[in-house]
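For reference, query34.pdb (PDB, C-alpha atoms):
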```pdb
MODEL        1
ATOM      1  CA  MET A   1      -3.473  11.186  22.042
ATOM      2  CA  ALA A   2      -7.018  10.792  23.318
ATOM      3  CA  ASP A   3      -7.590   8.656  26.385
ATOM      4  CA  SER A   4      -8.834   5.318  25.084
ATOM      5  CA  THR A   5     -10.838   4.830  28.283
ATOM      6  CA  ASP A   6     -12.765   8.092  27.912
ATOM      7  CA  SER A   7     -16.438   7.104  28.258
ATOM      8  CA  ARG A   8     -17.445  10.119  26.160
ATOM      9  CA  SER A   9     -15.611   8.852  23.089
ATOM     10  CA  PRO A  10     -17.812   7.408  20.317
ATOM     11  CA  PHE A  11     -15.079   4.887  19.515
ATOM     12  CA  PRO A  12     -14.383   1.569  21.245
ATOM     13  CA  PRO A  13     -11.489   1.626  23.714
ATOM     14  CA  VAL A  14      -8.102   0.107  22.964
ATOM     15  CA  ASN A  15      -7.817  -3.264  24.702
ATOM     16  CA  PRO A  16      -4.056  -3.856  25.130
ATOM     17  CA  GLY A  17      -2.416  -7.125  26.056
ATOM     18  CA  GLY A  18      -3.762  -9.216  23.194
ATOM     19  CA  SER A  19      -2.104 -10.720  20.143
ATOM     20  CA  LEU A  20      -2.454 -10.062  16.432
ATOM     21  CA  ILE A  21      -4.580 -12.915  15.075
ATOM     22  CA  ILE A  22      -3.622 -13.647  11.477
ATOM     23  CA  ALA A  23      -3.965 -16.393   8.877
ATOM     24  CA  TRP A  24      -0.285 -16.905   8.056
ATOM     25  CA  GLN A  25       0.237 -18.174   4.515
ATOM     26  CA  LEU A  26       2.876 -20.919   4.647
ATOM     27  CA  LYS A  27       2.386 -22.483   1.236
ATOM     28  CA  TYR A  28       5.806 -23.586  -0.062
ATOM     29  CA  LYS A  29       7.500 -21.932   2.951
ATOM     30  CA  ARG A  30      10.174 -23.968   4.726
ATOM     31  CA  VAL A  31       9.502 -24.756   8.375
ATOM     32  CA  LEU A  32      11.921 -26.456  10.754
ATOM     33  CA  LEU A  33      10.226 -28.659  13.355
ATOM     34  CA  VAL A  34      12.457 -30.035  16.112
ATOM     35  CA  GLY A  35      10.785 -32.911  17.939
ATOM     36  CA  GLY A  36       8.654 -35.906  17.064
ATOM     37  CA  GLY A  37       6.427 -36.605  20.064
ATOM     38  CA  LEU A  38       2.766 -35.924  20.817
ATOM     39  CA  VAL A  39       2.984 -32.113  20.704
ATOM     40  CA  ALA A  40       5.106 -32.241  17.563
ATOM     41  CA  SER A  41       2.488 -34.450  15.887
ATOM     42  CA  GLY A  42      -0.088 -31.690  16.339
ATOM     43  CA  ARG A  43       2.316 -29.048  15.063
ATOM     44  CA  LEU A  44       3.116 -31.204  12.032
ATOM     45  CA  SER A  45      -0.571 -31.604  11.181
ATOM     46  CA  HIS A  46      -1.114 -27.832  11.309
ATOM     47  CA  LEU A  47       1.882 -27.237   9.049
ATOM     48  CA  LEU A  48       0.788 -29.795   6.468
ATOM     49  CA  ASP A  49      -2.729 -28.350   6.453
ATOM     50  CA  ALA A  50      -1.117 -24.996   5.627
ATOM     51  CA  ASP A  51       0.868 -26.515   2.708
ATOM     52  CA  ALA A  52       4.225 -25.857   4.353
ATOM     53  CA  VAL A  53       7.413 -27.717   3.409
ATOM     54  CA  VAL A  54       8.672 -29.272   6.643
ATOM     55  CA  THR A  55      12.086 -30.354   7.842
ATOM     56  CA  LEU A  56      11.558 -32.638  10.845
ATOM     57  CA  ILE A  57      14.450 -33.401  13.179
ATOM     58  CA  ALA A  58      13.892 -36.125  15.788
ATOM     59  CA  PRO A  59      15.304 -39.568  16.628
ATOM     60  CA  ARG A  60      13.287 -42.404  15.068
ATOM     61  CA  SER A  61      12.920 -44.137  18.444
ATOM     62  CA  GLY A  62      10.814 -41.319  19.903
ATOM     63  CA  LEU A  63       8.410 -40.616  17.051
ATOM     64  CA  HIS A  64       4.701 -40.460  17.810
ATOM     65  CA  PRO A  65       2.615 -42.933  15.733
ATOM     66  CA  LEU A  66       0.975 -40.059  13.838
ATOM     67  CA  VAL A  67       4.396 -38.640  12.957
ATOM     68  CA  VAL A  68       5.519 -42.083  11.766
ATOM     69  CA  HIS A  69       2.442 -42.255   9.550
ATOM     70  CA  ARG A  70       3.006 -38.789   8.070
ATOM     71  CA  VAL A  71       6.708 -39.341   7.424
ATOM     72  CA  PHE A  72       6.670 -42.876   6.061
ATOM     73  CA  GLU A  73       3.123 -43.813   5.006
ATOM     74  CA  ASP A  74       1.020 -40.785   4.073
ATOM     75  CA  ASP A  75       1.375 -40.433   0.295
ATOM     76  CA  TYR A  76       0.809 -36.672   0.398
ATOM     77  CA  ALA A  77       2.688 -35.768   3.566
ATOM     78  CA  LYS A  78       5.837 -37.807   3.025
ATOM     79  CA  HIS A  79       6.666 -35.803  -0.086
ATOM     80  CA  ARG A  80       6.455 -32.533   1.871
ATOM     81  CA  ILE A  81       8.588 -33.683   4.797
ATOM     82  CA  THR A  82      12.361 -33.954   4.926
ATOM     83  CA  TYR A  83      13.018 -36.244   7.879
ATOM     84  CA  LEU A  84      16.350 -36.268   9.718
ATOM     85  CA  ASP A  85      16.734 -39.179  12.152
ATOM     86  CA  ARG A  86      18.856 -37.419  14.747
ATOM     87  CA  THR A  87      18.842 -34.720  17.395
ATOM     88  CA  PHE A  88      19.256 -31.003  16.655
ATOM     89  CA  GLY A  89      22.702 -30.446  15.188
ATOM     90  CA  GLY A  90      23.337 -26.760  15.685
ATOM     91  CA  GLU A  91      22.729 -23.408  14.041
ATOM     92  CA  ALA A  92      23.269 -24.788  10.529
ATOM     93  CA  ASP A  93      19.954 -26.645  10.882
ATOM     94  CA  LEU A  94      18.223 -23.259  10.680
ATOM     95  CA  ASP A  95      19.616 -22.479   7.227
ATOM     96  CA  GLY A  96      16.796 -21.657   4.813
ATOM     97  CA  ALA A  97      14.048 -21.846   7.445
ATOM     98  CA  ASP A  98      11.151 -19.380   7.291
ATOM     99  CA  MET A  99       9.792 -20.532  10.655
ATOM    100  CA  VAL A 100      11.129 -22.632  13.539
ATOM    101  CA  LEU A 101       9.125 -24.783  15.956
ATOM    102  CA  THR A 102      10.473 -26.814  18.842
ATOM    103  CA  ALA A 103       8.514 -29.489  20.678
ATOM    104  CA  ILE A 104      11.069 -31.298  22.828
ATOM    105  CA  ASP A 105      11.463 -31.961  26.558
ATOM    106  CA  ASP A 106      14.862 -30.211  26.752
ATOM    107  CA  VAL A 107      13.968 -26.663  27.836
ATOM    108  CA  GLU A 108      17.525 -25.362  27.677
ATOM    109  CA  LEU A 109      18.054 -26.667  24.140
ATOM    110  CA  SER A 110      14.707 -25.193  23.139
ATOM    111  CA  ARG A 111      15.753 -21.803  24.488
ATOM    112  CA  SER A 112      19.056 -22.061  22.674
ATOM    113  CA  ILE A 113      17.260 -22.806  19.397
ATOM    114  CA  CYS A 114      14.925 -19.893  20.080
ATOM    115  CA  HIS A 115      17.831 -17.483  20.527
ATOM    116  CA  MET A 116      19.464 -18.750  17.327
ATOM    117  CA  ALA A 117      16.240 -18.205  15.408
ATOM    118  CA  ARG A 118      15.688 -14.719  16.810
ATOM    119  CA  ALA A 119      19.259 -13.769  15.959
ATOM    120  CA  ARG A 120      18.326 -14.522  12.358
ATOM    121  CA  ARG A 121      14.912 -12.879  12.747
ATOM    122  CA  ILE A 122      13.138 -16.145  12.068
ATOM    123  CA  PRO A 123       9.772 -16.402  13.872
ATOM    124  CA  VAL A 124       9.921 -19.166  16.463
ATOM    125  CA  ASN A 125       7.597 -21.090  18.766
ATOM    126  CA  VAL A 126       8.859 -23.092  21.744
ATOM    127  CA  ALA A 127       6.187 -25.474  22.995
ATOM    128  CA  ASP A 128       5.104 -24.858  26.609
ATOM    129  CA  VAL A 129       7.467 -21.903  27.088
ATOM    130  CA  PRO A 130       5.342 -18.791  26.279
ATOM    131  CA  PRO A 131       8.143 -16.224  26.842
ATOM    132  CA  GLU A 132      10.135 -17.927  24.088
ATOM    133  CA  CYS A 133       7.313 -17.736  21.529
ATOM    134  CA  ASP A 134       6.847 -15.138  18.822
ATOM    135  CA  PHE A 135       3.410 -16.670  18.212
ATOM    136  CA  TYR A 136       1.060 -19.170  19.828
ATOM    137  CA  PHE A 137      -0.974 -22.032  18.476
ATOM    138  CA  GLY A 138      -4.654 -21.933  19.348
ATOM    139  CA  SER A 139      -7.432 -24.497  19.421
ATOM    140  CA  MET A 140      -8.745 -24.925  15.891
ATOM    141  CA  ILE A 141     -12.009 -25.557  14.097
ATOM    142  CA  ARG A 142     -11.621 -26.522  10.447
ATOM    143  CA  LYS A 143     -14.529 -27.058   8.069
ATOM    144  CA  GLY A 144     -13.405 -26.753   4.465
ATOM    145  CA  PRO A 145     -12.063 -23.246   3.901
ATOM    146  CA  LEU A 146     -13.334 -22.101   7.307
ATOM    147  CA  GLN A 147     -10.742 -21.874  10.045
ATOM    148  CA  VAL A 148     -11.640 -20.647  13.513
ATOM    149  CA  MET A 149      -9.000 -20.247  16.190
ATOM    150  CA  VAL A 150      -9.477 -19.747  19.902
ATOM    151  CA  SER A 151      -6.430 -18.367  21.680
ATOM    152  CA  THR A 152      -5.853 -17.583  25.344
ATOM    153  CA  GLY A 153      -2.466 -16.015  24.657
ATOM    154  CA  GLY A 154      -0.676 -19.051  26.068
ATOM    155  CA  LYS A 155      -2.432 -18.757  29.448
ATOM    156  CA  GLY A 156      -4.948 -21.593  29.255
ATOM    157  CA  PRO A 157      -4.598 -24.062  26.358
ATOM    158  CA  LYS A 158      -7.081 -26.510  27.892
ATOM    159  CA  LEU A 159      -9.631 -23.745  28.394
ATOM    160  CA  ALA A 160      -9.177 -22.747  24.750
ATOM    161  CA  ASN A 161      -9.932 -26.358  23.800
ATOM    162  CA  ILE A 162     -13.144 -26.365  25.868
ATOM    163  CA  ILE A 163     -14.296 -23.083  24.323
ATOM    164  CA  ARG A 164     -13.466 -24.383  20.852
ATOM    165  CA  ARG A 165     -15.650 -27.454  21.349
ATOM    166  CA  LYS A 166     -18.583 -25.290  22.429
ATOM    167  CA  MET A 167     -18.123 -23.106  19.365
ATOM    168  CA  GLU A 168     -17.820 -26.083  17.059
ATOM    169  CA  ASP A 169     -21.234 -27.328  18.150
ATOM    170  CA  ALA A 170     -22.723 -23.995  17.005
ATOM    171  CA  VAL A 171     -21.124 -23.981  13.548
ATOM    172  CA  PRO A 172     -23.488 -25.380  10.863
ATOM    173  CA  ASP A 173     -22.261 -28.531   9.131
ATOM    174  CA  ASN A 174     -22.600 -26.977   5.670
ATOM    175  CA  VAL A 175     -20.654 -23.806   6.426
ATOM    176  CA  GLY A 176     -17.636 -24.959   4.411
ATOM    177  CA  GLU A 177     -19.753 -25.568   1.340
ATOM    178  CA  ALA A 178     -21.450 -22.184   1.737
ATOM    179  CA  ILE A 179     -18.070 -20.440   1.856
ATOM    180  CA  GLU A 180     -16.895 -22.275  -1.271
ATOM    181  CA  ARG A 181     -19.998 -21.171  -3.180
ATOM    182  CA  VAL A 182     -19.674 -17.566  -2.021
ATOM    183  CA  GLY A 183     -16.059 -17.607  -3.164
ATOM    184  CA  GLU A 184     -17.152 -18.736  -6.617
ATOM    185  CA  LEU A 185     -19.773 -15.977  -6.780
ATOM    186  CA  ARG A 186     -17.207 -13.394  -5.712
ATOM    187  CA  ALA A 187     -14.732 -14.565  -8.352
ATOM    188  CA  GLU A 188     -17.357 -14.324 -11.109
ATOM    189  CA  LEU A 189     -18.399 -10.881  -9.901
ATOM    190  CA  ARG A 190     -14.806  -9.662 -10.181
ATOM    191  CA  LYS A 191     -14.695 -10.902 -13.768
ATOM    192  CA  ARG A 192     -17.853  -8.979 -14.586
ATOM    193  CA  ALA A 193     -16.767  -5.866 -12.710
ATOM    194  CA  PRO A 194     -12.944  -5.890 -12.665
ATOM    195  CA  GLY A 195     -10.818  -3.354 -10.881
ATOM    196  CA  VAL A 196      -9.180  -2.719  -7.529
ATOM    197  CA  GLY A 197     -10.373  -0.250  -4.930
ATOM    198  CA  GLY A 198     -12.318   2.921  -5.610
ATOM    199  CA  ARG A 199     -16.079   3.196  -5.919
ATOM    200  CA  LEU A 200     -16.414  -0.002  -7.931
ATOM    201  CA  GLY A 201     -14.508  -1.992  -5.336
ATOM    202  CA  GLN A 202     -16.716  -0.611  -2.586
ATOM    203  CA  LYS A 203     -19.832  -1.354  -4.638
ATOM    204  CA  ARG A 204     -18.748  -4.980  -5.112
ATOM    205  CA  MET A 205     -18.034  -5.319  -1.411
ATOM    206  CA  ASP A 206     -21.402  -3.839  -0.445
ATOM    207  CA  TRP A 207     -23.243  -6.146  -2.851
ATOM    208  CA  MET A 208     -21.485  -9.272  -1.619
ATOM    209  CA  THR A 209     -22.202  -8.207   1.966
ATOM    210  CA  GLN A 210     -25.894  -7.892   1.156
ATOM    211  CA  VAL A 211     -25.936 -11.334  -0.453
ATOM    212  CA  CYS A 212     -24.333 -12.920   2.621
ATOM    213  CA  GLU A 213     -26.681 -11.108   4.992
ATOM    214  CA  THR A 214     -29.821 -11.792   2.936
ATOM    215  CA  TRP A 215     -29.264 -15.466   2.164
ATOM    216  CA  SER A 216     -28.946 -18.104   4.891
ATOM    217  CA  LEU A 217     -25.942 -20.436   5.068
ATOM    218  CA  ASP A 218     -28.145 -23.265   3.824
ATOM    219  CA  GLU A 219     -29.178 -21.151   0.842
ATOM    220  CA  LEU A 220     -25.632 -20.059   0.115
ATOM    221  CA  GLY A 221     -24.557 -23.696   0.143
ATOM    222  CA  GLN A 222     -26.988 -24.396  -2.723
ATOM    223  CA  ILE A 223     -25.435 -21.838  -5.075
ATOM    224  CA  ASP A 224     -24.349 -23.377  -8.382
ATOM    225  CA  ASP A 225     -23.310 -22.013 -11.775
ATOM    226  CA  ALA A 226     -26.897 -21.278 -12.800
ATOM    227  CA  THR A 227     -27.565 -19.466  -9.519
ATOM    228  CA  ILE A 228     -24.448 -17.362  -9.940
ATOM    229  CA  GLN A 229     -25.474 -16.285 -13.428
ATOM    230  CA  PHE A 230     -28.988 -15.428 -12.244
ATOM    231  CA  LEU A 231     -27.665 -13.371  -9.325
ATOM    232  CA  LEU A 232     -25.308 -11.453 -11.594
ATOM    233  CA  ASP A 233     -27.793 -10.981 -14.444
ATOM    234  CA  GLN A 234     -30.863 -10.163 -12.367
ATOM    235  CA  GLY A 235     -29.082  -8.676  -9.386
ATOM    236  CA  TRP A 236     -25.727  -7.033  -9.990
ATOM    237  CA  ASP A 237     -26.575  -5.920 -13.532
ATOM    238  CA  GLN A 238     -29.924  -4.528 -12.317
ATOM    239  CA  LYS A 239     -28.613  -1.650 -10.205
ATOM    240  CA  ALA A 240     -26.810  -4.046  -7.845
ATOM    241  CA  ARG A 241     -29.953  -5.327  -6.178
ATOM    242  CA  VAL A 242     -29.962  -8.680  -4.348
ATOM    243  CA  PRO A 243     -32.658 -11.152  -5.454
ATOM    244  CA  SER A 244     -33.992 -13.347  -2.664
ATOM    245  CA  PHE A 245     -33.347 -17.086  -2.635
ATOM    246  CA  GLU A 246     -37.030 -17.642  -3.364
ATOM    247  CA  GLU A 247     -36.902 -15.318  -6.400
ATOM    248  CA  VAL A 248     -33.839 -17.045  -7.777
ATOM    249  CA  SER A 249     -35.376 -20.465  -7.175
ATOM    250  CA  ARG A 250     -38.572 -19.500  -9.011
ATOM    251  CA  GLY A 251     -36.597 -17.989 -11.885
ATOM    252  CA  LEU A 252     -34.427 -21.062 -12.301
ATOM    253  CA  LEU A 253     -37.395 -23.394 -11.886
ATOM    254  CA  ARG A 254     -39.050 -21.817 -14.892
ATOM    255  CA  LYS A 255     -35.918 -22.589 -16.909
ATOM    256  CA  SER A 256     -35.322 -26.058 -15.458
ATOM    257  CA  PRO A 257     -38.141 -27.895 -13.638
ATOM    258  CA  SER A 258     -35.599 -30.388 -12.223
ATOM    259  CA  ILE A 259     -34.219 -27.817  -9.753
ATOM    260  CA  VAL A 260     -35.175 -28.668  -6.169
ATOM    261  CA  TYR A 261     -35.967 -25.907  -3.683
ATOM    262  CA  HIS A 262     -34.812 -26.481  -0.102
ATOM    263  CA  PRO A 263     -36.353 -24.132   2.459
ATOM    264  CA  PRO A 264     -33.864 -22.088   4.470
ATOM    265  CA  GLU A 265     -32.667 -23.083   7.901
ATOM    266  CA  PRO A 266     -33.622 -21.091  11.024
ATOM    267  CA  LEU A 267     -32.288 -17.552  11.120
ATOM    268  CA  LEU A 268     -30.095 -18.241  14.154
ATOM    269  CA  ALA A 269     -27.945 -20.651  12.163
ATOM    270  CA  ARG A 270     -26.978 -17.924   9.693
ATOM    271  CA  TYR A 271     -24.521 -16.322  12.016
ATOM    272  CA  ILE A 272     -21.437 -17.112  14.036
ATOM    273  CA  SER A 273     -20.683 -15.000  17.084
ATOM    274  CA  PRO A 274     -18.444 -12.032  16.190
ATOM    275  CA  ASP A 275     -16.702 -12.383  19.558
ATOM    276  CA  PHE A 276     -14.274 -14.893  18.077
ATOM    277  CA  CYS A 277     -11.654 -14.740  15.350
ATOM    278  CA  VAL A 278     -12.850 -16.373  12.141
ATOM    279  CA  GLY A 279     -10.275 -16.981   9.405
ATOM    280  CA  VAL A 280     -11.258 -18.166   5.972
ATOM    281  CA  GLY A 281      -8.460 -19.666   3.937
ATOM    282  CA  LEU A 282      -5.838 -22.346   4.057
ATOM    283  CA  GLY A 283      -3.252 -20.479   6.069
ATOM    284  CA  LEU A 284      -1.831 -21.386   9.470
ATOM    285  CA  LEU A 285      -3.853 -19.504  12.053
ATOM    286  CA  VAL A 286      -1.570 -18.271  14.786
ATOM    287  CA  SER A 287      -1.575 -15.691  17.510
ATOM    288  CA  LEU A 288       1.371 -13.536  16.494
ATOM    289  CA  SER A 289       3.179 -11.510  19.116
ATOM    290  CA  LEU A 290       4.096  -8.083  17.807
ATOM    291  CA  PHE A 291       7.514  -8.137  19.394
ATOM    292  CA  MET A 292       8.800 -10.339  16.574
ATOM    293  CA  HIS A 293       8.755  -7.227  14.390
ATOM    294  CA  ARG A 294      10.842  -5.045  16.636
ATOM    295  CA  SER A 295      14.514  -4.639  15.844
ATOM    296  CA  ARG A 296      16.868  -6.720  17.874
TER
ENDMDL
END
```
Once you've parsed the file, please lay out its structure as structure tokens.
Amino acid sequence: MADSTDSRSPFPPVNPGGSLIIAWQLKYKRVLLVGGGLVASGRLSHLLDADAVVTLIAPRSGLHPLVVHRVFEDDYAKHRITYLDRTFGGEADLDGADMVLTAIDDVELSRSICHMARARRIPVNVADVPPECDFYFGSMIRKGPLQVMVSTGGKGPKLANIIRRKMEDAVPDNVGEAIERVGELRAELRKRAPGVGGRLGQKRMDWMTQVCETWSLDELGQIDDATIQFLLDQGWDQKARVPSFEEVSRGLLRKSPSIVYHPPEPLLARYISPDFCVGVGLGLLVSLSLFMHRSR
């Protein structure tokens, strides 16, 4: 194996010690959450945002106000939460769980739950005890389908929060809308040019990349059904060229004088720094430690 630190190599070096950042799809998956305090309230919010089905075990007397709201008052959340007003009852509580989270002050009980989960090969997170975590929660930015997570690998949660706030200030307000519109364009393109992989798949990918690099986020956010059809008719179908926003606007204006043209935002706002993990989707973004996959 080549030395990853060889300065003569044309490839970037391996940077060990990190985690695998993934957007974990938890829709309809069953998650056991033990605890109902402040930390648990944050965990519960993340799980509900990811469409998980949650079993929450915690005494009623210690529930955080947000947890009380989700369990008893929130019309959406209360139908996705099975609440058990008691303390953890033993290994049987793990039956059927796809993921286990603990957020309680009892470190020894948390470790015991962790060992039970790992014996069943269920991924587990023990709040504030990094060695007992198969994955970490990071500091999150959420704007529509955009999810951005900052993780310090469990070393500095507060620092991750500070970095996240700085990043959030740089993310354009309309980025969620732009992503939604691009998703619609991509879906229509796949209908017009169906197929998986191969040259066609690469051609579709290259064309979508050009659209995203040519149009600003503000312009992408203005895409509608008429714009999509124009892009496909006058772009994809014409040797996969990418019409500019101005060209599309002029073309649509000739068809419908009611269309309003909004000039693009400054170029700097088109991009988000590639130094951070950006996840697009409705999954639970976690920093997943690879050791959960090893045989035990």
### Query
Counting all atoms listed in the file, which of A:Gln234, A:Gly42, A:Asp169, A:Leu200 gets nearest to A:Gly138?
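When distances to A:Gly138 are compared using all atoms listed in the file, the smallest one comes from A:Gly42.
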### Message
For this structure, which residues satisfy the selection - the PyMOL selection byres ((chain A and resi 77) around 12) - when it is evaluated on the file as given? I want them as a ChimeraX atom specification.
### Response
/A:44-56,66-76,78-83
Could the residues in this selection be written to a file with C-alpha atoms, as a PDB file, keeping the file's coordinate frame?
```pdb
ATOM      1  CA  LEU A  44       3.116 -31.204  12.032  1.00  0.00           C
ATOM      2  CA  SER A  45      -0.571 -31.604  11.181  1.00  0.00           C
ATOM      3  CA  HIS A  46      -1.114 -27.832  11.309  1.00  0.00           C
ATOM      4  CA  LEU A  47       1.882 -27.237   9.049  1.00  0.00           C
ATOM      5  CA  LEU A  48       0.788 -29.795   6.468  1.00  0.00           C
ATOM      6  CA  ASP A  49      -2.729 -28.350   6.453  1.00  0.00           C
ATOM      7  CA  ALA A  50      -1.117 -24.996   5.627  1.00  0.00           C
ATOM      8  CA  ASP A  51       0.868 -26.515   2.708  1.00  0.00           C
ATOM      9  CA  ALA A  52       4.225 -25.857   4.353  1.00  0.00           C
ATOM     10  CA  VAL A  53       7.413 -27.717   3.409  1.00  0.00           C
ATOM     11  CA  VAL A  54       8.672 -29.272   6.643  1.00  0.00           C
ATOM     12  CA  THR A  55      12.086 -30.354   7.842  1.00  0.00           C
ATOM     13  CA  LEU A  56      11.558 -32.638  10.845  1.00  0.00           C
ATOM     14  CA  LEU A  66       0.975 -40.059  13.838  1.00  0.00           C
ATOM     15  CA  VAL A  67       4.396 -38.640  12.957  1.00  0.00           C
ATOM     16  CA  VAL A  68       5.519 -42.083  11.766  1.00  0.00           C
ATOM     17  CA  HIS A  69       2.442 -42.255   9.550  1.00  0.00           C
ATOM     18  CA  ARG A  70       3.006 -38.789   8.070  1.00  0.00           C
ATOM     19  CA  VAL A  71       6.708 -39.341   7.424  1.00  0.00           C
ATOM     20  CA  PHE A  72       6.670 -42.876   6.061  1.00  0.00           C
ATOM     21  CA  GLU A  73       3.123 -43.813   5.006  1.00  0.00           C
ATOM     22  CA  ASP A  74       1.020 -40.785   4.073  1.00  0.00           C
ATOM     23  CA  ASP A  75       1.375 -40.433   0.295  1.00  0.00           C
ATOM     24  CA  TYR A  76       0.809 -36.672   0.398  1.00  0.00           C
ATOM     25  CA  LYS A  78       5.837 -37.807   3.025  1.00  0.00           C
ATOM     26  CA  HIS A  79       6.666 -35.803  -0.086  1.00  0.00           C
ATOM     27  CA  ARG A  80       6.455 -32.533   1.871  1.00  0.00           C
ATOM     28  CA  ILE A  81       8.588 -33.683   4.797  1.00  0.00           C
ATOM     29  CA  THR A  82      12.361 -33.954   4.926  1.00  0.00           C
ATOM     30  CA  TYR A  83      13.018 -36.244   7.879  1.00  0.00           C
TER      31      TYR A  83
END
```
Given 5 Å on each side, where is the centre and what are the edge lengths in Å to one decimal of the axis-aligned box enclosing the listed atoms of stretch 236-253 of chain A, as AutoDock Vina command-line options?
```
--center_x -32.1 --center_y -12.5 --center_z -8.1 --size_x 22.8 --size_y 31.7 --size_z 20.9
```
### Task
Counting all atoms listed in the file, figure out which residue out of A:Val34, A:Gly156, A:His64, A:Phe245 gets nearest to A:Asp106.
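The shortest atom-to-atom distance to A:Asp106 comes from A:Val34.
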### Message
Excluding A:Pro131 and its own-chain neighbours fewer than 5 positions away, which residues fall within 10 Å of it when counting only C-alpha atoms? Please give them as number ranges by chain.
### Response
A: 111, 125-126, 154
### Task
Report as a PyMOL selection string the full result of the PyMOL selection byres ((chain A and resi 96) around 10) when it is applied to this structure.
chain A and resi 29-32+92-95+97-99+122
### Task
Find the residues with any atom within 12 Å of (-23.7, -20.4, -10.9); use all atoms listed in the file and the coordinates as given in the file, and write the answer as a ChimeraX atom specification.
/A:180-189,220-233,248,252
### Task
Identify which of the residues A:Ile104, A:Ala193, A:Val242, A:Ile162 lies closest to A:Thr214, counting only C-alpha atoms when measuring atom-to-atom distances.
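Using only C-alpha atoms, A:Thr214 sits closest to A:Val242.
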### Message
Calculated over all atoms listed in the file, which of the candidates A:Ile141, A:Asp85, A:Val148, A:Ser110 has the smallest distance to A:Ala23?
### Response
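Under the stated criterion, the closest residue is A:Val148.
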### Task
Figure out the distance between atom CA of A:Glu247 and atom CA of A:Ser216, please, to one decimal in Å.
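Answer for the atom CA of A:Ser216 to atom CA of A:Glu247 separation: 14.1 Å.
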### Summary
atom CA of A:Thr87 sits from atom CA of A:Ala40 at a separation of 14.0 Å
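Restricting the calculation to only C-alpha atoms, the smallest distance between A:Arg86 and any of A:Arg192, A:Asp105, A:Arg120, A:Pro59 is found for A:Pro59.
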## Note on the structure
atom CA of A:Arg190 sits from atom CA of A:Trp207 at a separation of 11.7 Å
### Query
When distances are computed from only C-alpha atoms, which of A:Arg142, A:Gly62, A:Arg199, A:Leu33 shows the smallest separation from A:Val171?
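So, comparing all the options, the nearest one is A:Arg142.
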